[in-house]
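Dropping entry_35.txt in here (compact mmCIF, C-alpha atoms and all ligand atoms):
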```
# COMPACT_ATOMS: atom_id res chain seq x y z
CA MET A 1 337.59 202.38 166.60
CA PRO A 2 340.18 202.08 163.77
CA THR A 3 339.84 204.13 160.58
CA HIS A 4 340.11 202.21 157.30
CA LEU A 5 341.65 203.70 154.17
CA ASN A 6 340.26 202.03 151.08
CA THR A 7 340.23 202.29 147.27
CA PRO A 8 336.67 201.50 146.16
CA ARG A 9 335.80 199.09 143.39
CA ALA A 10 333.92 200.49 140.40
CA ASP A 11 330.65 199.03 141.69
CA GLU A 12 331.18 200.85 145.03
CA LEU A 13 331.61 204.23 143.34
CA PRO A 14 327.87 205.14 143.28
CA GLU A 15 327.73 204.77 147.08
CA VAL A 16 330.84 206.91 147.50
CA MET A 17 329.37 209.59 145.22
CA SER A 18 326.05 209.52 147.03
CA THR A 19 327.84 210.02 150.38
CA LEU A 20 329.83 212.88 148.87
CA ALA A 21 326.57 214.38 147.56
CA SER A 22 325.05 214.29 151.05
CA TRP A 23 327.90 216.54 152.27
CA GLN A 24 327.09 219.36 149.80
CA THR A 25 324.94 221.28 152.27
CA ASP A 26 324.66 225.07 152.17
CA ASP A 27 326.68 225.68 155.34
CA THR A 28 329.64 223.50 154.25
CA PRO A 29 332.74 225.11 152.72
CA LEU A 30 333.36 224.26 149.08
CA GLN A 31 335.03 220.88 148.85
CA LEU A 32 335.33 217.99 146.40
CA HIS A 33 331.91 217.52 144.76
CA PRO A 34 330.39 214.41 143.12
CA GLY A 35 330.65 216.37 139.86
CA ASP A 36 334.45 216.36 140.17
CA ILE A 37 334.35 212.56 140.24
CA GLY A 38 331.60 212.57 137.60
CA TRP A 39 333.83 214.44 135.15
CA GLN A 40 336.52 211.75 135.63
CA LEU A 41 333.97 209.08 134.70
CA ARG A 42 334.70 209.94 131.05
CA LEU A 43 337.71 207.64 131.57
CA GLY A 44 335.44 204.79 132.69
CA ALA A 45 334.29 203.59 136.10
CA ASP A 46 337.33 201.33 136.77
CA ALA A 47 339.87 204.09 136.06
CA THR A 48 337.83 206.57 138.12
CA ALA A 49 337.45 204.22 141.10
CA ALA A 50 341.24 203.72 141.07
CA MET A 51 341.64 207.49 141.64
CA VAL A 52 339.37 207.51 144.70
CA ARG A 53 340.25 206.90 148.35
CA THR A 54 337.85 206.64 151.28
CA TRP A 55 338.45 206.78 155.02
CA SER A 56 335.77 204.91 157.00
CA ARG A 57 335.10 204.17 160.63
CA ASN A 58 332.51 201.68 161.75
CA GLY A 59 331.37 201.21 158.13
CA GLU A 60 330.70 204.92 157.68
CA ILE A 61 332.68 207.02 155.17
CA LEU A 62 334.19 210.08 156.90
CA ALA A 63 336.53 211.43 154.22
CA ILE A 64 336.83 211.02 150.46
CA GLY A 65 339.84 211.80 148.28
CA MET A 66 340.24 211.92 144.52
CA LEU A 67 343.61 211.88 142.77
CA ASP A 68 343.63 214.53 140.07
CA GLY A 69 346.82 213.22 138.46
CA PRO A 70 349.60 211.64 140.56
CA GLU A 71 350.58 214.91 142.28
CA LEU A 72 347.25 216.28 143.59
CA LEU A 73 344.84 214.66 146.02
CA ARG A 74 341.56 216.53 146.46
CA LEU A 75 339.80 215.88 149.76
CA ALA A 76 336.29 216.23 151.18
CA ILE A 77 335.37 215.58 154.80
CA ASP A 78 331.98 214.73 156.32
CA PRO A 79 330.75 218.11 157.68
CA THR A 80 329.93 216.54 161.08
CA VAL A 81 333.59 215.54 161.68
CA GLN A 82 335.45 218.42 160.06
CA GLN A 83 336.71 219.57 163.49
CA ASN A 84 337.54 216.06 164.72
CA ASP A 85 341.14 215.83 166.02
CA ASP A 86 341.42 212.04 165.71
CA LEU A 87 340.37 211.98 162.07
CA ALA A 88 342.73 214.86 161.25
CA HIS A 89 345.57 212.94 162.95
CA VAL A 90 344.83 209.73 161.00
CA LEU A 91 344.68 211.63 157.70
CA VAL A 92 348.00 213.38 158.36
CA GLN A 93 349.63 210.00 159.08
CA ASP A 94 348.14 208.31 156.00
CA LEU A 95 349.16 211.23 153.78
CA ASP A 96 352.69 211.07 155.15
CA ASP A 97 353.36 207.41 154.40
CA GLN A 98 355.27 208.16 151.17
CA GLY A 99 352.99 205.90 149.14
CA ARG A 100 353.92 202.77 151.11
CA GLY A 101 350.47 202.12 152.60
CA VAL A 102 346.97 201.78 151.17
CA LEU A 103 347.16 205.30 149.74
CA ARG A 104 349.75 203.84 147.29
CA VAL A 105 350.75 207.30 146.05
CA SER A 106 352.52 210.28 147.54
CA PRO A 107 350.89 213.39 146.04
CA SER A 108 352.91 216.57 146.49
CA SER A 109 349.77 218.76 146.74
CA LEU A 110 346.53 218.51 148.65
CA GLU A 111 343.24 220.28 148.16
CA VAL A 112 341.67 220.66 151.61
CA PRO A 113 338.52 222.66 152.36
CA ASN A 114 338.87 225.91 154.29
CA GLY A 115 338.11 225.89 158.02
CA VAL A 116 338.65 222.17 158.72
CA ARG A 117 340.87 220.80 161.52
CA LEU A 118 342.96 218.89 158.96
CA ARG A 119 344.36 222.14 157.51
CA GLU A 120 345.81 223.10 160.90
CA ALA A 121 347.13 219.58 161.48
CA LEU A 122 348.87 219.50 158.09
CA THR A 123 350.35 222.95 158.64
CA ALA A 124 351.66 221.80 162.03
CA ALA A 125 353.21 218.79 160.23
CA GLY A 126 355.13 221.13 157.90
CA TRP A 127 352.86 221.32 154.84
CA THR A 128 353.06 224.76 153.23
CA THR A 129 350.79 226.94 151.12
CA GLY A 130 350.55 226.10 147.40
CA GLU A 131 348.39 227.25 144.47
CA ALA A 132 345.61 229.70 145.39
CA TRP A 133 342.06 228.98 144.22
CA THR A 134 339.01 231.22 144.21
CA PRO A 135 335.77 229.42 145.11
CA LEU A 136 332.64 231.24 143.96
CA GLU A 137 328.99 230.74 144.84
CA MET A 138 325.57 231.86 143.67
CA ASP A 139 322.36 231.50 145.65
CA LEU A 140 319.62 230.01 143.48
CA ALA A 141 316.57 231.18 145.45
CA GLU A 142 315.77 233.72 142.73
CA PRO A 143 315.55 233.09 138.95
CA VAL A 144 318.75 233.63 136.97
CA GLU A 145 319.15 236.28 134.24
CA ASP A 146 318.51 234.95 130.73
CA PRO A 147 321.74 233.94 128.94
CA GLY A 148 320.75 235.97 125.87
CA VAL A 149 322.16 233.42 123.40
CA ARG A 150 320.89 230.16 121.91
CA ILE A 151 321.52 227.26 124.31
CA GLU A 152 321.23 223.55 123.51
CA VAL A 153 321.23 220.65 125.97
CA VAL A 154 323.71 218.12 124.61
CA GLY A 155 322.33 214.71 123.65
CA PRO A 156 324.12 212.04 121.58
CA GLU A 157 323.61 214.03 118.36
CA LEU A 158 325.46 217.08 119.73
CA ALA A 159 328.16 215.16 121.62
CA GLY A 160 330.73 215.64 118.83
CA MET A 161 330.17 219.39 118.86
CA ARG A 162 330.46 219.47 122.66
CA ALA A 163 333.79 217.62 122.46
CA THR A 164 335.08 220.01 119.78
CA VAL A 165 334.25 223.11 121.85
CA HIS A 166 336.05 221.59 124.83
CA LEU A 167 339.17 220.94 122.71
CA GLU A 168 339.01 224.51 121.42
CA SER A 169 338.74 225.84 124.99
CA PHE A 170 341.31 223.90 127.02
CA ASP A 171 344.97 223.56 126.07
CA GLY A 172 346.11 219.95 126.01
CA SER A 173 342.63 218.46 126.38
CA GLN A 174 341.95 215.09 124.78
CA PHE A 175 338.20 215.03 125.38
CA THR A 176 336.31 213.04 122.71
CA GLU A 177 332.75 212.17 121.82
CA GLU A 178 333.50 208.67 123.14
CA HIS A 179 334.48 210.18 126.52
CA TRP A 180 331.16 212.02 126.58
CA ARG A 181 329.27 208.76 125.98
CA THR A 182 331.24 206.89 128.64
CA MET A 183 330.64 209.68 131.15
CA ARG A 184 326.91 209.89 130.41
CA THR A 185 326.28 206.17 130.75
CA ALA A 186 328.41 205.56 133.85
CA THR A 187 326.46 204.51 136.91
CA GLY A 188 326.59 206.99 139.75
CA ALA A 189 327.24 209.93 137.43
CA GLY A 190 324.35 211.73 139.12
CA ASP A 191 322.18 214.30 137.49
CA SER A 192 324.32 216.22 135.05
CA ARG A 193 323.79 218.16 131.84
CA CYS A 194 326.14 219.37 129.13
CA LEU A 195 325.13 222.67 127.55
CA LEU A 196 326.28 224.36 124.36
CA ALA A 197 326.01 228.03 123.45
CA LEU A 198 325.58 228.80 119.75
CA ASP A 199 326.23 232.06 117.95
CA VAL A 200 323.78 233.68 115.50
CA ASP A 201 325.14 231.50 112.68
CA GLY A 202 324.50 228.33 114.67
CA ALA A 203 328.18 227.66 115.41
CA ALA A 204 328.94 226.18 118.85
CA VAL A 205 331.08 228.68 120.75
CA ALA A 206 330.95 227.69 124.44
CA ALA A 207 330.21 224.61 126.52
CA THR A 208 329.81 223.56 130.11
CA THR A 209 328.82 220.55 132.21
CA ILE A 210 326.81 221.05 135.39
CA TRP A 211 326.34 218.53 138.19
CA THR A 212 323.71 218.40 140.91
CA ALA A 213 324.18 216.74 144.29
CA GLY A 214 320.42 216.30 144.75
CA MET A 215 317.52 218.58 145.61
CA GLY A 216 318.31 221.43 148.00
CA ARG A 217 322.07 220.88 147.79
CA ALA A 218 324.88 222.73 146.04
CA GLY A 219 325.44 222.03 142.33
CA LEU A 220 328.75 222.39 140.52
CA ILE A 221 329.98 223.82 137.22
CA GLU A 222 332.80 221.61 135.92
CA PRO A 223 334.15 222.38 133.36
CA LEU A 224 333.27 225.55 131.38
CA GLY A 225 335.04 226.96 128.35
CA VAL A 226 334.71 229.25 125.35
CA GLY A 227 336.55 228.44 122.10
CA ARG A 228 339.69 230.59 121.69
CA GLU A 229 338.26 232.28 118.56
CA HIS A 230 335.10 233.32 120.33
CA ARG A 231 336.33 234.88 123.56
CA GLY A 232 335.56 238.43 124.65
CA HIS A 233 332.00 238.48 123.26
CA GLY A 234 330.08 237.62 126.42
CA TYR A 235 329.72 233.89 125.65
CA GLY A 236 331.55 232.89 128.85
CA ALA A 237 329.12 234.81 131.06
CA ALA A 238 326.20 233.58 128.91
CA ILE A 239 327.02 229.83 129.19
CA THR A 240 327.63 230.34 132.93
CA ARG A 241 324.14 231.84 133.35
CA ALA A 242 322.65 228.97 131.30
CA GLY A 243 324.43 226.39 133.49
CA VAL A 244 323.27 228.04 136.68
CA ALA A 245 319.68 228.28 135.41
CA MET A 246 319.80 224.54 134.64
CA LEU A 247 321.11 223.77 138.12
CA ARG A 248 318.21 225.78 139.56
CA GLU A 249 315.73 223.92 137.37
CA LEU A 250 317.15 220.62 138.66
CA GLY A 251 316.59 221.71 142.26
CA ALA A 252 320.04 222.88 143.39
CA SER A 253 320.00 225.39 146.26
CA ARG A 254 323.15 227.15 145.10
CA ALA A 255 325.77 226.92 142.40
CA LEU A 256 329.47 226.47 143.11
CA VAL A 257 332.58 226.72 141.01
CA ALA A 258 336.30 227.03 141.75
CA THR A 259 339.08 228.28 139.53
CA PRO A 260 342.76 229.07 140.08
CA SER A 261 342.96 232.68 141.35
CA ALA A 262 345.54 233.29 138.60
CA ASN A 263 342.79 232.62 136.02
CA THR A 264 341.53 236.21 136.21
CA ALA A 265 339.41 235.78 133.05
CA ALA A 266 337.47 232.94 134.69
CA VAL A 267 336.99 234.78 138.00
CA ALA A 268 335.77 237.89 136.08
CA THR A 269 333.44 235.74 133.95
CA TYR A 270 331.82 234.01 136.93
CA GLU A 271 331.42 237.34 138.76
CA SER A 272 329.94 238.89 135.61
CA ALA A 273 327.36 236.08 135.53
CA GLY A 274 326.34 236.77 139.15
CA PHE A 275 328.68 234.61 141.27
CA THR A 276 330.25 235.99 144.45
CA ALA A 277 333.85 235.11 145.27
CA MET A 278 334.39 233.41 148.64
CA PRO A 279 337.66 233.54 150.61
CA GLN A 280 340.55 232.04 148.65
CA ARG A 281 341.57 228.47 149.36
CA SER A 282 345.17 227.43 148.91
CA ASP A 283 346.38 223.94 148.12
CA LEU A 284 348.86 222.54 150.63
CA GLN A 285 352.36 221.48 149.53
CA ARG A 286 354.18 218.49 150.98
CA PRO A 287 357.28 219.48 152.96
CA GLU A 288 360.65 218.66 151.34
CA PRO A 289 362.15 215.54 152.97
CA SER A 290 364.89 216.51 155.40
CA LEU A 291 368.43 215.45 154.41
CA SER A 292 368.80 213.30 157.52
CA SER A 293 365.72 211.15 156.75
C1 LIG A 301 337.27 232.17 131.07
C2 LIG A 301 336.53 232.16 129.75
C3 LIG A 301 335.39 231.15 129.87
C4 LIG A 301 335.95 233.56 129.48
O1 LIG A 301 335.14 233.49 128.32
P1 LIG A 301 334.77 234.83 127.48
O2 LIG A 301 333.69 234.46 126.53
O3 LIG A 301 335.98 235.45 126.91
O4 LIG A 301 334.18 235.77 128.65
P2 LIG A 301 333.12 236.95 128.47
O5 LIG A 301 333.35 237.62 127.15
O6 LIG A 301 331.75 236.41 128.74
O7 LIG A 301 333.57 237.91 129.63
C5 LIG A 301 332.95 237.88 130.90
C6 LIG A 301 333.62 238.92 131.79
O8 LIG A 301 334.98 238.53 132.04
C7 LIG A 301 335.87 239.56 131.66
N1 LIG A 301 337.04 238.95 131.06
C8 LIG A 301 337.05 238.04 130.06
N2 LIG A 301 338.34 237.71 129.76
C9 LIG A 301 339.11 238.45 130.59
C10 LIG A 301 340.52 238.55 130.76
N3 LIG A 301 341.38 237.81 130.00
N4 LIG A 301 340.99 239.38 131.72
C11 LIG A 301 340.14 240.10 132.50
N5 LIG A 301 338.78 240.05 132.36
C12 LIG A 301 338.28 239.24 131.42
C13 LIG A 301 335.12 240.38 130.62
O9 LIG A 301 335.59 241.69 130.57
C14 LIG A 301 333.71 240.31 131.15
O10 LIG A 301 333.54 241.23 132.23
P3 LIG A 301 332.29 242.26 132.28
O11 LIG A 301 331.05 241.43 132.10
O12 LIG A 301 332.41 242.85 133.63
O13 LIG A 301 332.50 243.20 131.15
C15 LIG A 301 337.47 231.79 128.57
O14 LIG A 301 338.59 232.65 128.60
C16 LIG A 301 337.96 230.34 128.58
O15 LIG A 301 337.28 229.46 128.06
N6 LIG A 301 339.18 230.10 129.12
C17 LIG A 301 339.78 228.77 129.12
C18 LIG A 301 339.03 227.77 129.96
C19 LIG A 301 338.82 228.27 131.38
O16 LIG A 301 339.71 228.85 131.98
N7 LIG A 301 337.61 227.99 131.92
C20 LIG A 301 337.23 228.46 133.25
C21 LIG A 301 337.77 227.68 134.36
S1 LIG A 301 337.17 226.01 134.38
```
Would you mind giving the structure from this file in structure tokens?
Amino acid sequence: MPTHLNTPRADELPEVMSTLASWQTDDTPLQLHPGDIGWQLRLGADATAAMVRTWSRNGEILAIGMLDGPELLRLAIDPTVQQNDDLAHVLVQDLDDQGRGVLRVSPSSLEVPNGVRLREALTAAGWTTGEAWTPLEMDLAEPVEDPGVRIEVVGPELAGMRATVHLESFDGSQFTEEHWRTMRTATGAGDSRCLLALDVDGAAVAATTIWTAGMGRAGLIEPLGVGREHRGHGYGAAITRAGVAMLRELGASRALVATPSANTAAVATYESAGFTAMPQRSDLQRPEPSLSS
């Protein structure tokens, strides 16, 4: 049975995200989450759909990729076929087509979950280790410690403030109130909440967005930041605890987050809030083309 590589239309995105959500079970290694696609929905459903690739067999989606810029493709694989040799072989071939085929791009880096057959197949094909990431998890069976600061759930009236905190937290960000509105109203965005932490004077100091994948599945923190002026006062750990408590309230079984291992402040913040680091996961780098090819 042939495997079809496809770029979904915007109206097919909800189905892709719902399939991706169904893969977020507790025994699956951290991989691309519907929240990762949800965060891209700030750019609109058409632009987001254009970043997505699906591999299907017999009408069933087996792998989903999302381009995070032209150089990085982030992949998730259906947990029931993560050890499948045929699928790994097809993916390696499609990823090696130098952008000529349906993939249409030739990303230099891949995010591939730990423990899947595809990692071995790519390594055998010459792909090498790239940037190291630290995935972290928190079980949500028990209640989460109180954040200890004032927290607001962002609605339209606080969207401007949420955008400002994001700009103050991430270098080079262009996030706007309009992006927030587009993201919130996009179909298929799933159950998400934006939270703001406020200091004693009522100034917004930290923000996060959390994404569920449905009841009893893993939820995701993406993104989370504290304004540069406000760092080092516990707001990072506080907004993390607030996000995790919200995920628990919405029925998530555990909370997940991943950050570059080099971002020691973020790793320390998530651990301080109660997350446990899982084994590192490295991106895979495309081999340099040989001179003879
Ligand atoms: C990461 C970030 C959220 C931390 O926010 P913060 O308010 O300064 O963090 P906190 O004050 O709550 O500190 C939490 C813990 O992290 C530790 N920490 C914070 N910054 C640190 C740093 N630069 N180096 C080492 N440890 C650090 C603190 O000591 C504290 O540990 P403790 O509870 O064991 O004492 C903030 O630096 C940030 O917004 N960075 C840019 C965006 C980003 O990287 N987001 C996360 C990845 S998406």
All residues having an atom within 8 Å of ligand LIG 301 (chain A) (only C-alpha atoms and all ligand atoms) as a ChimeraX atom specification
/A:169-171,206,222-228,230-238,258-260,263-273
Env of Asp86 in chain A: 12 Å cut, atoms = all atoms listed in the file, seq-sep filter 2 positions within chain, self excluded. Answer as a short mmCIF file (atom, residue, chain, number, x, y, z; two decimals) with C-alpha atoms, in the coordinates of the input.
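Done, and the output landed in out_38.cif:
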```cif
data_model
loop_
_atom_site.label_atom_id
_atom_site.label_comp_id
_atom_site.auth_asym_id
_atom_site.auth_seq_id
_atom_site.Cartn_x
_atom_site.Cartn_y
_atom_site.Cartn_z
CA MET A 1 337.59 202.38 166.60
CA PRO A 2 340.18 202.08 163.77
CA THR A 3 339.84 204.13 160.58
CA ARG A 57 335.10 204.17 160.63
CA LEU A 62 334.19 210.08 156.90
CA VAL A 81 333.59 215.54 161.68
CA GLN A 82 335.45 218.42 160.06
CA GLN A 83 336.71 219.57 163.49
CA ASN A 84 337.54 216.06 164.72
CA ALA A 88 342.73 214.86 161.25
CA HIS A 89 345.57 212.94 162.95
CA VAL A 90 344.83 209.73 161.00
CA LEU A 91 344.68 211.63 157.70
CA VAL A 92 348.00 213.38 158.36
CA GLN A 93 349.63 210.00 159.08
CA ARG A 117 340.87 220.80 161.52
CA LEU A 118 342.96 218.89 158.96
CA ALA A 121 347.13 219.58 161.48
#
```
Residue list as a PyMOL selection string for point (325.2, 217.4, 138.9), cut-off 8 Å, all atoms listed in the file
chain A and resi 34-35+189-193+210-214+219-220+247
Keeping only C-alpha atoms, take the residues you just selected and write them out as a CSV table (one decimal), in the frame of the given file.
```csv
chain,number,residue,atom,x,y,z
A,34,PRO,CA,330.4,214.4,143.1
A,35,GLY,CA,330.6,216.4,139.9
A,189,ALA,CA,327.2,209.9,137.4
A,190,GLY,CA,324.4,211.7,139.1
A,191,ASP,CA,322.2,214.3,137.5
A,192,SER,CA,324.3,216.2,135.0
A,193,ARG,CA,323.8,218.2,131.8
A,210,ILE,CA,326.8,221.0,135.4
A,211,TRP,CA,326.3,218.5,138.2
A,212,THR,CA,323.7,218.4,140.9
A,213,ALA,CA,324.2,216.7,144.3
A,214,GLY,CA,320.4,216.3,144.8
A,219,GLY,CA,325.4,222.0,142.3
A,220,LEU,CA,328.8,222.4,140.5
A,247,LEU,CA,321.1,223.8,138.1
```
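Shell of Met17 in chain A at 8 Å, with all atoms listed in the file counted and residues fewer than 3 places along the chain excluded, is A:Leu13, A:Pro14, A:Leu20, A:Ala21, A:Pro34, A:Ile37, A:Gly188.
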Contacts of Gly155 in chain A within 12 Å, all atoms listed in the file, excl. fewer than 5 positions in-chain, as an MDAnalysis selection string
chainID A and resid 160:163 177 180:181 184:185 192:196
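Residues in contact range of Arg9 in chain A, defined as at most 9 Å between only C-alpha atoms, with sequence neighbours fewer than 3 positions away removed, read Glu12, Leu13, Ala45, Asp46, Ala49 and Ala50 of chain A.
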Would you mind exporting C-alpha atoms of the selected residues as a PDB file, in the coordinates of the input?
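Output file result_26.pdb is given in full below:
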```pdb
ATOM      1  CA  GLU A  12     331.180 200.850 145.030  1.00  0.00           C
ATOM      2  CA  LEU A  13     331.610 204.230 143.340  1.00  0.00           C
ATOM      3  CA  ALA A  45     334.290 203.590 136.100  1.00  0.00           C
ATOM      4  CA  ASP A  46     337.330 201.330 136.770  1.00  0.00           C
ATOM      5  CA  ALA A  49     337.450 204.220 141.100  1.00  0.00           C
ATOM      6  CA  ALA A  50     341.240 203.720 141.070  1.00  0.00           C
TER       7      ALA A  50
END
```
Go through A:Ala10, A:Val257, A:Val16, A:Met278 and flag the residue nearest Leu43 in chain A, using all atoms listed in the file for the distances.
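That would be A:Ala10, the residue with the smallest distance to Leu43 in chain A.
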Taking all atoms listed in the file into account, which of A:Thr208, A:Thr182, A:Thr134, A:Ser173 comes nearest Thr276 in chain A?
A:Thr134
How many Å lie between CA of Val144 in chain A and CA of Leu256 in chain A, rounded to one decimal?
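Computing the Euclidean distance for CA of Val144 in chain A and CA of Leu256 in chain A yields 14.3 Å.
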CA of Trp39 in chain A to CA of Asp68 in chain A, distance in Å rounded to a single decimal:
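Pair CA of Trp39 in chain A / CA of Asp68 in chain A returns 11.0 Å.
In this comparison, which uses all atoms listed in the file, the residue of A:Gly130, A:Pro29, A:Ala124, A:Ala207 approaching Leu167 in chain A most closely is A:Ala207.
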Report the distance between CA of Pro135 in chain A and CA of Gly216 in chain A in Å, rounded to one decimal place.
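Computing the Euclidean distance for CA of Pro135 in chain A and CA of Gly216 in chain A yields 19.4 Å.
With distances taken over all atoms listed in the file, A:Ala242 is the one residue among A:Met183, A:Ala159, A:Ala242, A:Leu284 lying closest to Ala197 in chain A.
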Check the smallest atom-to-atom distance from each of A:His33, A:Ile61, A:Val205, A:Leu122 to Glu15 in chain A using only C-alpha atoms, then report the winner.
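Looking at the shortest contact to Glu15 in chain A, the residue is A:Ile61.
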Residues at most 7 Å from Met66 in chain A, counting all atoms listed in the file, excluding those fewer than 3 positions away in the same chain, as a list in words?
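Here the answer would be Met51, Val52, Arg53, Leu73, Arg74 and Leu75 of chain A.
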From the set A:Ala47, A:Ala76, A:Ala186, A:Leu5, which residue has the shortest atom-to-atom contact distance to Leu103 in chain A, counting all atoms listed in the file?
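Looking only at the distances to Leu103 in chain A, the closest residue turns out to be A:Leu5.
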